[in-house]
Structures are given as C-alpha cells and as structure tokens.
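Report on the following structure.
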Amino acid sequence: MELAHQILAIAGLGAGATTVTPTVLSGGSTLNTVPAFASVGVDVRVAEVAEQERVDAAMHALRPVVPGTRLDVVGGPNRPPLEASMSASLFGLAQELAAGLGLPALTSASVGGASDGNFTAGVGCPTLDGLGAVGGGAHADHEHVLVSELPSRTALLRALLEAVR
C-alpha cells in the first residue's frame, strides 16, 4: 500500500517537459501475504541540470504515508542532461553543412534521453546526439531504420567530422 502512495507522488513530480515515470515494480512473494518489501524504479527525463536537481531533492524528501512503513530512497541522477546550449554552435554548423550538401533542413529535437552524449556535454564538450540512422519506433517492436536515408546521413556526418577536425 505504501508503494502505491509513493508511485502517485513520484509520478506527480513531472512538470512541463520533465517526465518522472515509475517503471519496474516488484514486491511480495505470495498472494495471501502482505509484502514485507516492495520497490519501484523511476525514469526521469529533464532538459536542464536545475530541473534534475529539483526532482532529485523532491524524491529524497518523500516520506512514508502508511503508519508502520519505512521508505528508503536510493540512487539519484546517473548522468547530466544534454542541455540545448551544449549543442547550439555545433548544431548550427551541422545545419549549414546539410544545406551545402543539398539535404533537407535539419531540425532539432529534445527527447530527454540518456546517451553517452550526456556525459560529454556535461563536461563542456559541444555535443550532438542523434546523428545516426533515420527511422522511428525507438526501443519498440516497430523500431526501424530508413535505409534510403543512410547515404545522406553518412555524407553529413563525414562533412561534420571534416569541419571540426
């Protein structure tokens, strides 16, 4: 019962572009026994460090609701967000190169993901993420790559690498 209360509180921490999603749940051992232990994993997606800090502080401020229960909040952010400012100049260069190659205009996207690029951007290295294959359905059964887009994507990546070396 305590975990049910906490899941509702955790899910309520999302605001604006920030998502806070309870994910993997576990608890109990038999149908006719009150669980002695239960846990939930939480996926948090933020655009800025300040928002990451807000959510982390709020998670650690959670307190038990059901009398006689205990709540242990463990863990915290495992990588910094990839803030748009860390990509702006490099993205501008990629847009110019794409135009020079006659490719469609590049558009930006922010998905709050968790790539290795978060680490490089977090230490101040200009970073672009999403330069790989064009497709859709990430991490789902319908995930796919548009093979026809591979040559133009490769040309853009090559031009970008040559421009920054």
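Chains: A, B, ... in order of the structure tokens. Residues: from 1 per chain. Ligands: from 1, in order shown.
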
Just the residues within 12 Å of range 80-88 of chain A, please, counting only C-alpha atoms, with nothing from its chain fewer than 6 positions along; format it as an MDAnalysis selection string.
-> chainID A and resid 18 44:53 94:95 107:130

Members of chain A assigned strand (DSSP E or B) by DSSP, as a PyMOL selection string | chain A and resi 15+18-27+38-45+135-136+144-145

Of the residues A:Arg153, A:Val73, A:Ala133, A:Val65, which is the one nearest to Leu97 in chain A, using only C-alpha atoms?
->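 Looking only at the distances to Leu97 in chain A, the closest residue turns out to be A:Arg153.
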
Assign secondary structure with DSSP using the backbone only, and return the residues of range 91-141 of chain A in helix (DSSP H, G or I) as a list in words.
->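 Taking range 91-141 of chain A and keeping helix (DSSP H, G or I) gives Phe91, Gly92, Leu93, Ala94, Gln95, Glu96, Leu97, Ala98, Ala99, Gly100, Gly117, Asn118, Phe119, Thr120, Ala121 and Gly122 of chain A.
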
Between CA of Leu106 in chain A and CA of Leu160 in chain A - distance in Å to one decimal = 13.1 Å

Do you know which residues are at most 9 Å from Gly135 in chain A counting only C-alpha atoms, after dropping those on the same chain fewer than 4 positions away, and could you put them as a list of chain:residue names?
->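 Here the answer would be A:Glu143, A:His144, A:Val145, A:Leu146, A:Val147, A:Glu149.
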
Output file for the selection above: C-alpha atoms, as a short mmCIF file (atom, residue, chain, number, x, y, z; two decimals), in the first residue's frame:
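Saved to part.cif:
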```
data_model
loop_
_atom_site.label_atom_id
_atom_site.label_comp_id
_atom_site.auth_asym_id
_atom_site.auth_seq_id
_atom_site.Cartn_x
_atom_site.Cartn_y
_atom_site.Cartn_z
CA GLU A 143 11.64 0.12 -34.40
CA HIS A 144 13.07 0.63 -37.88
CA VAL A 145 15.75 2.34 -39.97
CA LEU A 146 15.06 4.06 -43.28
CA VAL A 147 17.79 2.53 -45.42
CA GLU A 149 18.43 7.86 -45.69
#
```

Show which residues sit within 12 Å of Arg63 in chain A, as a PyMOL selection string. Count only C-alpha atoms, and ignore same-chain residues fewer than 3 positions away.
-> chain A and resi 2-3+5-6+9-10+58-60+66-73

Coordinates-based distance that separates CA of Leu157 in chain A from CA of Ala98 in chain A (Å, one decimal) =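 About the pair CA of Ala98 in chain A and CA of Leu157 in chain A: they are 9.4 Å apart.
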
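What separates CA of Gly76 in chain A from CA of Asp43 in chain A is a distance of 10.3 Å.
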
7 Å contact set for Ala38 in chain A, only C-alpha atoms, chain neighbours under 2 positions out, as a ChimeraX atom specification = /A:3,26-28,35

Please save all heavy atoms of the selected residues as a PDB file, in the first residue's frame.
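Printed below is part-v6.pdb as written:
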```
ATOM      1  N   LEU A   3       3.796   1.659  -1.284  1.00  0.00           N
ATOM      2  CA  LEU A   3       4.364   1.891  -2.606  1.00  0.00           C
ATOM      3  C   LEU A   3       3.337   2.518  -3.546  1.00  0.00           C
ATOM      4  O   LEU A   3       3.676   3.375  -4.359  1.00  0.00           O
ATOM      5  CB  LEU A   3       4.920   0.595  -3.201  1.00  0.00           C
ATOM      6  CG  LEU A   3       5.683   0.758  -4.511  1.00  0.00           C
ATOM      7  CD1 LEU A   3       6.857   1.727  -4.369  1.00  0.00           C
ATOM      8  CD2 LEU A   3       6.168  -0.591  -5.013  1.00  0.00           C
ATOM      9  N   SER A  26       8.406  -4.251  -8.136  1.00  0.00           N
ATOM     10  CA  SER A  26       8.499  -5.601  -7.598  1.00  0.00           C
ATOM     11  C   SER A  26       8.049  -5.582  -6.143  1.00  0.00           C
ATOM     12  O   SER A  26       8.134  -4.564  -5.464  1.00  0.00           O
ATOM     13  CB  SER A  26       9.922  -6.155  -7.716  1.00  0.00           C
ATOM     14  OG  SER A  26      10.796  -5.439  -6.874  1.00  0.00           O
ATOM     15  N   GLY A  27       7.545  -6.720  -5.707  1.00  0.00           N
ATOM     16  CA  GLY A  27       7.143  -6.827  -4.308  1.00  0.00           C
ATOM     17  C   GLY A  27       6.297  -8.051  -4.083  1.00  0.00           C
ATOM     18  O   GLY A  27       5.647  -8.569  -4.993  1.00  0.00           O
ATOM     19  N   GLY A  28       6.322  -8.529  -2.856  1.00  0.00           N
ATOM     20  CA  GLY A  28       5.510  -9.674  -2.478  1.00  0.00           C
ATOM     21  C   GLY A  28       6.103 -10.994  -2.913  1.00  0.00           C
ATOM     22  O   GLY A  28       6.986 -11.046  -3.778  1.00  0.00           O
ATOM     23  N   PRO A  35       3.088  -8.000   1.561  1.00  0.00           N
ATOM     24  CA  PRO A  35       4.510  -7.916   1.221  1.00  0.00           C
ATOM     25  C   PRO A  35       5.323  -7.200   2.298  1.00  0.00           C
ATOM     26  O   PRO A  35       4.921  -6.146   2.796  1.00  0.00           O
ATOM     27  CB  PRO A  35       4.528  -7.110  -0.079  1.00  0.00           C
ATOM     28  CG  PRO A  35       3.161  -7.259  -0.641  1.00  0.00           C
ATOM     29  CD  PRO A  35       2.242  -7.366   0.543  1.00  0.00           C
TER      30      PRO A  35
END
```

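Closest to Ala155 in chain A among A:Gly75, A:Gly12, A:Gly132, A:Gly137 is A:Gly132, based on only C-alpha atoms.
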
Spatial neighbours of Leu8 in chain A, max dist 12 Å, only C-alpha atoms, sep filter under 6 positions, as a list in words | Met1, Glu2, Gly14, Val20, Thr21, Pro22, Val40, Val42, Leu62 and Val65 of chain A

Could you dump the residues just selected with N, CA and C atoms as a short mmCIF file (atom, residue, chain, number, x, y, z; two decimals), in the first residue's frame?
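So the final result, stored in part.cif, reads:
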```cif
data_model
loop_
_atom_site.label_atom_id
_atom_site.label_comp_id
_atom_site.auth_asym_id
_atom_site.auth_seq_id
_atom_site.Cartn_x
_atom_site.Cartn_y
_atom_site.Cartn_z
N MET A 1 0.83 -1.20 0.00
CA MET A 1 0.00 0.00 0.00
C MET A 1 0.87 1.26 0.00
N GLU A 2 1.94 1.21 0.76
CA GLU A 2 2.84 2.37 0.81
C GLU A 2 3.39 2.69 -0.57
N GLY A 14 6.64 15.23 -12.20
CA GLY A 14 6.88 15.72 -13.55
C GLY A 14 6.21 17.08 -13.73
N VAL A 20 8.65 12.14 -15.08
CA VAL A 20 9.07 11.30 -13.96
C VAL A 20 8.15 10.09 -14.01
N THR A 21 8.70 8.95 -14.42
CA THR A 21 7.89 7.78 -14.71
C THR A 21 8.29 6.58 -13.85
N PRO A 22 7.42 6.15 -12.95
CA PRO A 22 7.67 4.90 -12.25
C PRO A 22 7.68 3.77 -13.28
N VAL A 40 10.25 0.24 -6.58
CA VAL A 40 9.92 0.78 -7.89
C VAL A 40 11.15 1.49 -8.44
N VAL A 42 12.55 4.33 -11.20
CA VAL A 42 11.98 5.57 -11.71
C VAL A 42 12.87 6.11 -12.84
N LEU A 62 10.64 12.55 -0.05
CA LEU A 62 9.44 11.72 0.14
C LEU A 62 9.47 11.07 1.52
N VAL A 65 3.68 7.27 4.09
CA VAL A 65 2.30 7.70 4.32
C VAL A 65 1.59 6.70 5.22
#
```
